[in-house]
$ cat entry.txt   # compact mmCIF, C-alpha atoms
# COMPACT_ATOMS: atom_id res chain seq x y z
CA MET A 1 106.36 94.24 108.08
CA GLY A 2 107.29 95.37 104.61
CA THR A 3 111.00 95.15 105.38
CA LYS A 4 110.71 91.63 106.79
CA LEU A 5 108.74 90.47 103.73
CA ARG A 6 111.17 92.12 101.29
CA ARG A 7 113.96 90.15 103.00
CA GLN A 8 111.91 86.95 102.49
CA GLU A 9 111.63 86.55 106.29
CA CYS A 10 108.56 85.07 107.95
CA PHE A 11 107.34 85.99 111.45
CA MET A 12 104.43 85.76 113.88
CA MET A 13 102.28 88.86 114.38
CA THR A 14 100.10 89.15 117.50
CA TRP A 15 97.57 91.82 118.47
CA HIS A 16 94.90 92.50 121.05
CA PRO A 17 91.60 93.27 119.26
CA PRO A 18 90.13 96.64 120.30
CA GLY A 19 86.87 96.61 122.20
CA GLY A 20 87.08 92.95 123.09
CA ASP A 21 88.07 90.89 126.09
CA PRO A 22 91.35 92.38 127.43
CA GLY A 23 92.84 88.90 127.79
CA ARG A 24 92.03 87.93 124.18
CA THR A 25 94.77 87.92 121.55
CA CYS A 26 94.90 87.09 117.86
CA SER A 27 97.98 85.81 116.03
CA ALA A 28 98.84 85.32 112.38
CA TRP A 29 101.83 83.66 110.74
CA ILE A 30 103.19 86.08 108.15
CA HIS A 31 105.15 84.51 105.29
CA PRO A 32 106.35 86.05 102.01
CA ALA A 33 104.48 83.39 99.99
CA ILE A 34 101.11 84.22 101.58
CA PRO A 35 99.11 86.98 99.85
CA LEU A 36 98.70 89.98 102.17
CA GLN A 37 96.61 93.12 101.72
CA PHE A 38 96.70 96.36 103.65
CA TYR A 39 93.57 98.50 104.07
CA PHE A 40 93.70 102.07 105.33
CA ASP A 41 90.87 104.25 106.59
CA GLY A 42 91.10 107.79 105.29
CA GLU A 43 93.64 109.57 103.16
CA THR A 44 95.91 110.74 105.96
CA ILE A 45 99.19 108.89 106.17
CA PRO A 46 100.04 108.25 109.82
CA GLN A 47 103.29 109.74 111.10
CA VAL A 48 105.87 107.10 111.94
CA THR A 49 109.00 107.98 113.85
CA PRO A 50 112.30 106.28 113.01
CA SER A 51 112.78 105.37 116.69
CA HIS A 52 109.43 103.52 116.72
CA ILE A 53 110.37 101.56 113.59
CA ALA A 54 113.76 100.69 115.10
CA GLU A 55 112.03 99.46 118.27
CA LEU A 56 109.60 97.27 116.28
CA MET A 57 112.45 95.81 114.19
CA GLU A 58 114.42 95.06 117.34
CA ARG A 59 111.44 93.24 118.89
CA VAL A 60 110.57 91.15 115.86
CA ASN A 61 114.21 90.19 115.26
CA ALA A 62 114.74 89.25 118.93
CA THR A 63 111.65 87.09 119.46
CA GLY A 64 110.32 86.41 115.98
CA ASP A 65 106.96 87.79 117.14
CA LEU A 66 105.66 91.26 116.35
CA VAL A 67 103.10 92.35 118.97
CA LEU A 68 100.83 95.22 117.95
CA HIS A 69 98.93 97.29 120.51
CA LEU A 70 95.84 98.74 118.82
CA ASP A 71 94.26 101.72 120.52
$ encode --input "entry.txt" --output "structure tokens"
Amino acid sequence: MGTKLRRQECFMMTWHPPGGDPGRTCSAWIHPAIPLQFYFDGETIPQVTPSHIAELMERVNATGDLVLHLD
């Protein structure tokens, strides 16, 4: 997300809320001009693999929609 916003690129982000109806989805239009905040639980920084980032970038650039799967 940070890379897309630094490039001044907007995109749709979709996720399936945890603990809810499995068929329910939420979507948000992400645009560089819209204020955005990130909140993190805990002090541990999650490990992110370069291959996972490359896969996410490929998806969002191909469809314009970033789909997050929250577990």
$ closest_residue --input "entry.txt" --among "A:Glu55, A:Leu66, A:Phe40, A:Pro46" --to "Cys10 in chain A" --atoms "only C-alpha atoms"
A:Leu66
$ atom_distance --input "entry.txt" --atom1 "CA of Thr63 in chain A" --atom2 "CA of Leu36 in chain A"
21.8 Å
$ residues_near_point --input "entry.txt" --point "(106.9, 87.9, 110.0)" --cutoff "8 Å" --atoms "all atoms listed in the file" --output "list in words"
Met1, Lys4, Leu5, Glu9, Cys10, Phe11, Met12, Met13, Trp29, Ile30, His31, Val60, Gly64, Asp65 and Leu66 of chain A
$ write_last_selection --input "entry.txt" --atoms "C-alpha atoms" --output "short mmCIF file (atom, residue, chain, number, x, y, z; two decimals), in the coordinates of the input"
data_model
loop_
_atom_site.label_atom_id
_atom_site.label_comp_id
_atom_site.auth_asym_id
_atom_site.auth_seq_id
_atom_site.Cartn_x
_atom_site.Cartn_y
_atom_site.Cartn_z
CA MET A 1 106.36 94.24 108.08
CA LYS A 4 110.71 91.63 106.79
CA LEU A 5 108.74 90.47 103.73
CA GLU A 9 111.63 86.55 106.29
CA CYS A 10 108.56 85.07 107.95
CA PHE A 11 107.34 85.99 111.45
CA MET A 12 104.43 85.76 113.88
CA MET A 13 102.28 88.86 114.38
CA TRP A 29 101.83 83.66 110.74
CA ILE A 30 103.19 86.08 108.15
CA HIS A 31 105.15 84.51 105.29
CA VAL A 60 110.57 91.15 115.86
CA GLY A 64 110.32 86.41 115.98
CA ASP A 65 106.96 87.79 117.14
CA LEU A 66 105.66 91.26 116.35
#
$ atom_distance --input "entry.txt" --atom1 "CA of Phe38 in chain A" --atom2 "CA of Gly2 in chain A"
10.7 Å
$ atom_distance --input "entry.txt" --atom1 "CA of Pro32 in chain A" --atom2 "CA of Asn61 in chain A"
16.0 Å
$ closest_residue --input "entry.txt" --among "A:Ala28, A:Val67, A:Ala33, A:Val48" --to "His16 in chain A" --atoms "all atoms listed in the file"
A:Val67
$ decode --input "entry.txt" --residues "chain A" --atoms "C-alpha atoms" --output "mmCIF file, in the first residue's frame"
data_model
loop_
_atom_site.group_PDB
_atom_site.id
_atom_site.type_symbol
_atom_site.label_atom_id
_atom_site.label_comp_id
_atom_site.auth_asym_id
_atom_site.auth_seq_id
_atom_site.Cartn_x
_atom_site.Cartn_y
_atom_site.Cartn_z
ATOM 1 C CA MET A 1 0.000 0.000 0.000
ATOM 2 C CA GLY A 2 2.774 2.377 0.901
ATOM 3 C CA THR A 3 4.456 1.917 -2.467
ATOM 4 C CA LYS A 4 1.239 2.548 -4.393
ATOM 5 C CA LEU A 5 0.551 5.721 -2.389
ATOM 6 C CA ARG A 6 4.139 6.987 -2.780
ATOM 7 C CA ARG A 7 3.669 6.613 -6.553
ATOM 8 C CA GLN A 8 0.450 8.676 -6.291
ATOM 9 C CA GLU A 9 -1.570 5.635 -7.467
ATOM 10 C CA CYS A 10 -5.079 4.933 -6.228
ATOM 11 C CA PHE A 11 -6.593 1.442 -5.897
ATOM 12 C CA MET A 12 -9.458 -0.560 -4.414
ATOM 13 C CA MET A 13 -8.756 -2.648 -1.308
ATOM 14 C CA THR A 14 -11.113 -5.504 -0.382
ATOM 15 C CA TRP A 15 -11.121 -7.766 2.662
ATOM 16 C CA HIS A 16 -13.269 -10.377 4.354
ATOM 17 C CA PRO A 17 -13.916 -9.321 7.975
ATOM 18 C CA PRO A 18 -12.849 -11.992 10.487
ATOM 19 C CA GLY A 19 -15.554 -13.667 12.520
ATOM 20 C CA GLY A 20 -18.355 -12.502 10.271
ATOM 21 C CA ASP A 21 -20.460 -13.970 7.515
ATOM 22 C CA PRO A 22 -18.064 -15.825 5.150
ATOM 23 C CA GLY A 23 -19.783 -14.284 2.121
ATOM 24 C CA ARG A 24 -19.440 -10.720 3.456
ATOM 25 C CA THR A 25 -16.758 -8.416 2.052
ATOM 26 C CA CYS A 26 -15.732 -4.834 2.721
ATOM 27 C CA SER A 27 -14.074 -2.552 0.174
ATOM 28 C CA ALA A 28 -12.404 0.838 0.393
ATOM 29 C CA TRP A 29 -11.141 3.161 -2.330
ATOM 30 C CA ILE A 30 -7.584 4.135 -1.427
ATOM 31 C CA HIS A 31 -6.349 7.425 -2.882
ATOM 32 C CA PRO A 32 -3.215 9.445 -2.057
ATOM 33 C CA ALA A 33 -5.323 12.520 -1.198
ATOM 34 C CA ILE A 34 -7.370 10.666 1.441
ATOM 35 C CA PRO A 35 -5.884 10.658 4.965
ATOM 36 C CA LEU A 36 -4.984 7.110 6.026
ATOM 37 C CA GLN A 37 -3.823 5.816 9.397
ATOM 38 C CA PHE A 38 -2.307 2.479 10.303
ATOM 39 C CA TYR A 39 -2.801 0.943 13.753
ATOM 40 C CA PHE A 40 -0.759 -1.991 14.986
ATOM 41 C CA ASP A 41 -1.406 -4.265 17.958
ATOM 42 C CA GLY A 42 1.739 -5.000 19.913
ATOM 43 C CA GLU A 43 5.347 -4.061 19.395
ATOM 44 C CA THR A 44 6.330 -7.015 17.234
ATOM 45 C CA ILE A 45 6.855 -6.159 13.596
ATOM 46 C CA PRO A 46 5.393 -8.921 11.432
ATOM 47 C CA GLN A 47 7.793 -10.726 9.115
ATOM 48 C CA VAL A 48 7.102 -10.021 5.457
ATOM 49 C CA THR A 49 8.746 -12.046 2.738
ATOM 50 C CA PRO A 50 9.833 -10.376 -0.507
ATOM 51 C CA SER A 51 7.951 -13.029 -2.513
ATOM 52 C CA HIS A 52 4.696 -12.160 -0.705
ATOM 53 C CA ILE A 53 5.168 -8.445 -1.425
ATOM 54 C CA ALA A 54 5.904 -9.212 -5.084
ATOM 55 C CA GLU A 55 2.720 -11.304 -5.289
ATOM 56 C CA LEU A 56 0.603 -8.518 -3.758
ATOM 57 C CA MET A 57 2.105 -5.918 -6.120
ATOM 58 C CA GLU A 58 1.423 -8.173 -9.084
ATOM 59 C CA ARG A 59 -2.220 -8.603 -8.045
ATOM 60 C CA VAL A 60 -2.937 -4.943 -7.393
ATOM 61 C CA ASN A 61 -1.244 -3.860 -10.637
ATOM 62 C CA ALA A 62 -3.110 -6.490 -12.695
ATOM 63 C CA THR A 63 -6.643 -5.874 -11.405
ATOM 64 C CA GLY A 64 -6.445 -2.573 -9.552
ATOM 65 C CA ASP A 65 -7.923 -4.355 -6.513
ATOM 66 C CA LEU A 66 -5.922 -5.516 -3.512
ATOM 67 C CA VAL A 67 -7.736 -8.369 -1.726
ATOM 68 C CA LEU A 68 -6.634 -9.043 1.841
ATOM 69 C CA HIS A 69 -7.352 -12.338 3.585
ATOM 70 C CA LEU A 70 -7.438 -11.718 7.340
ATOM 71 C CA ASP A 71 -6.972 -14.752 9.539
#
